[in-house]
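*Asks:* Here it is, the structure in full.
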Amino acid sequence: MKNFPNAFVILIGVILFAWTLTYIIPQGSYVRIVDEGSGITRVVNNSYEQIDTVSPSFFDLLVSIPKGISERADLIVLILLIGGCFYIIEKTEAFNQGLVKLVSSLKGKESLALIIIAALFTAGGATIGLQEEVVALIPILLLFGKSLGYNAFTMIFASYGSTVIGSSFSPSNPFGVIIAQKEAALPLLSGSSLRLTTLLVAFVVWVVYLLYYANRNRIDKIQMPDQNVSMTQSSKIILVLLGLTFSIVIFGIIQFDWGFSEMSGCFFALGILSGLIAKMGWNKTGEIYVAGMKEMVFACVIIGLANSISILLEDGMIMDTIVYGLFGPLQNFSPAVSGVLMMVSHTLLHFPVPSYSGQAILTLPILVPLSDLIGLSRQICVLAYQYGAIMPDMIVPTNGALMAIIAIAKIPYNKWFKSALKPTSLMLLIGAVTIIVAVAMGYN
């Protein structure tokens, strides 16, 4: 795996490929109209026509990269500020102390402890797209698992796996659902009832599988050390503020139509308050916050690069041609089958494009008008993206968080893939069934 290209290299390659395509694929465009009632721009069916225009130059290719990053400034700021916030909270030991306190009180109640851990991490994935932050918690989770007789696979399923489940089936994941709905010109958090119902179904199935796997792969218990079991007062306050911040952000999105900037402000305040409450002082708090932001720079660049691909395809006037080409095969299928096929294509695409935020930016400009043309609602188009692009984070080797976690646990990737493929396929099956049901319900 050492020679496997990272996300930066992959996306640079895709950018060059997209630029090359602008000289190969015929240029064309659909007619678009604005719906006066909803304000949504829609594609006029059967309006595609080829046109003759100049393809982007090599200099245009270079300019598309900073342009792609700058166009995603609000999202990049959110990612940077959330990264700094969680890095500070990690350094205060509030996460670790809270977890040790929880697991020590559940000793002797192994199955209940596993369910609670899965529920907490699922909630983290569903609310804020928790993923990379799990890396820092893996050592203590593995130790806790050994004290209950659970192996490393079980604990990674219960923690990281649960965050992926929460993120994929979430009604409010800011890096998944909200970005996708923005790209699809849908109201933020719209259509949450079906998503929440599916999340509950997926969680129940996930927990049943988790308990089944855990009981079939028990190991000898070790004694859990007693140090650091008690929580400091500052850690208690920080964790309460963390929960309060989540509540405020979700309420603001629902009630006041908050965007990325308002969310960024809330997490910035939480990070600074957490550092001061932990008595780090202004200087140290600032230094740690900046260090946390640095950890997220790579993810931000990836999102910008993915956006550059869309810019090149649009400037080269081949985006609509690609849509036209995709429409031909799918028009022979029912909307339900088309929706499932969209999900499958997202799953395959997620291997070379590990950022699901970047994947939304890359694909939805193509798939949304395609959905309009084949009679598939934009909400179902977003569902296909959610399930197909996020759920594969359980198995793709290009996902940095996953590879770091199994490295800490000393699990070879091939063994992890073999163990994780079955539950991942099960969750994707739930996603496919949900898409079919959504089509039958007329989900919009």
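We name chains A, B, ... following the order of the structure tokens; residues begin at 1 in each chain, and ligands are numbered from 1 as shown.
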With only C-alpha atoms as the counted atoms, please give the residues lying no more than 8 Å from Asp393 in chain A, apart from itself and same-chain residues fewer than 4 positions off, as a PyMOL selection string.
*Replies:* chain A and resi 164+354+389+399+402
*Asks:* Identify, with DSSP run on backbone atoms, the residues in range 5-254 of chain A assigned to helix (DSSP H, G or I), and express the list as a PyMOL selection string.
*Replies:* chain A and resi 7-21+58-71+73-91+94-105+110-128+134-148+152-169+177-183+192-216+233-254
*Asks:* Considering only C-alpha atoms, can you say which of A:Thr434, A:Ser159, A:Gln359, A:Ser55 comes closest to Gly339 in chain A?
*Replies:*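 Selected residue with least distance to Gly339 in chain A: A:Thr434.
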*Asks:* Tell me which of A:Leu130, A:Thr122, A:Leu142, A:Leu75 sits closest to Ala409 in chain A, counting only C-alpha atoms.
*Replies:*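 Checking each of A:Leu130, A:Thr122, A:Leu142, A:Leu75 against Ala409 in chain A, counting only C-alpha atoms, the winner is A:Leu142.
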*Asks:* How close does range 112-167 of chain A get to range 250-264 of chain A? List, as CSV, each residue of range 112-167 of chain A within 12 Å, its nearest atom pair and the distance in Å to one decimal, counting only C-alpha atoms.
*Replies:*
```
residue,atom,partner,partner_atom,distance
A:Ala126,CA,A:Ile250,CA,11.3
A:Thr127,CA,A:Ile250,CA,8.1
A:Ile128,CA,A:Ile250,CA,9.8
```
*Asks:* For Pro66 in chain A, work out the shell of residues within 9 Å, counting only C-alpha atoms and skipping chain neighbours fewer than 5 positions away, then give it as a PyMOL selection string.
*Replies:* chain A and resi 71+304-305+308
*Asks:* Output N, CA and C atoms for every residue in the selection just made, as a PDB file, in the first residue's frame.
*Replies:*
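Written out: result20.pdb:
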```
ATOM      1  N   GLU A  71     -13.627  29.061  -4.453  1.00  0.00           N
ATOM      2  CA  GLU A  71     -15.082  28.967  -4.551  1.00  0.00           C
ATOM      3  C   GLU A  71     -15.683  28.167  -3.398  1.00  0.00           C
ATOM      4  N   GLY A 304     -11.115  21.518  -2.652  1.00  0.00           N
ATOM      5  CA  GLY A 304     -10.873  22.527  -3.685  1.00  0.00           C
ATOM      6  C   GLY A 304     -10.494  21.901  -5.014  1.00  0.00           C
ATOM      7  N   LEU A 305      -9.650  20.868  -4.965  1.00  0.00           N
ATOM      8  CA  LEU A 305      -9.244  20.196  -6.203  1.00  0.00           C
ATOM      9  C   LEU A 305     -10.441  19.522  -6.873  1.00  0.00           C
ATOM     10  N   SER A 308     -12.310  21.979  -8.751  1.00  0.00           N
ATOM     11  CA  SER A 308     -11.626  22.397  -9.974  1.00  0.00           C
ATOM     12  C   SER A 308     -12.033  21.529 -11.159  1.00  0.00           C
TER      13      SER A 308
END
```
*Asks:* For range 107-112 of chain A, find every residue with an atom within 12 Å (counting only C-alpha atoms), except residues of its own chain fewer than 2 positions away, and show them as number ranges by chain.
*Replies:* A: 100-105, 114-119, 144-150, 154-155, 158, 207-208, 210-215, 218, 221-224
*Asks:* Nearest residue to Pro329 in chain A out of A:Ile179, A:Leu370, A:Met293, A:Ile156, using only C-alpha atoms?
*Replies:* A:Leu370
*Asks:* Near Gly124 in chain A, counting only C-alpha atoms, which residues have an atom at most 12 Å away, once you skip same-chain residues fewer than 5 positions from it, shown as a ChimeraX atom specification?
*Replies:* /A:117-119,129-134,159-168,170,172-174,242-243,246
*Asks:* A:Lys294, A:Lys410, A:Arg195, A:Lys67: which is nearest Pro139 in chain A, counting only C-alpha atoms?
*Replies:*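 Using only C-alpha atoms, the shortest distance to Pro139 in chain A belongs to A:Lys410.
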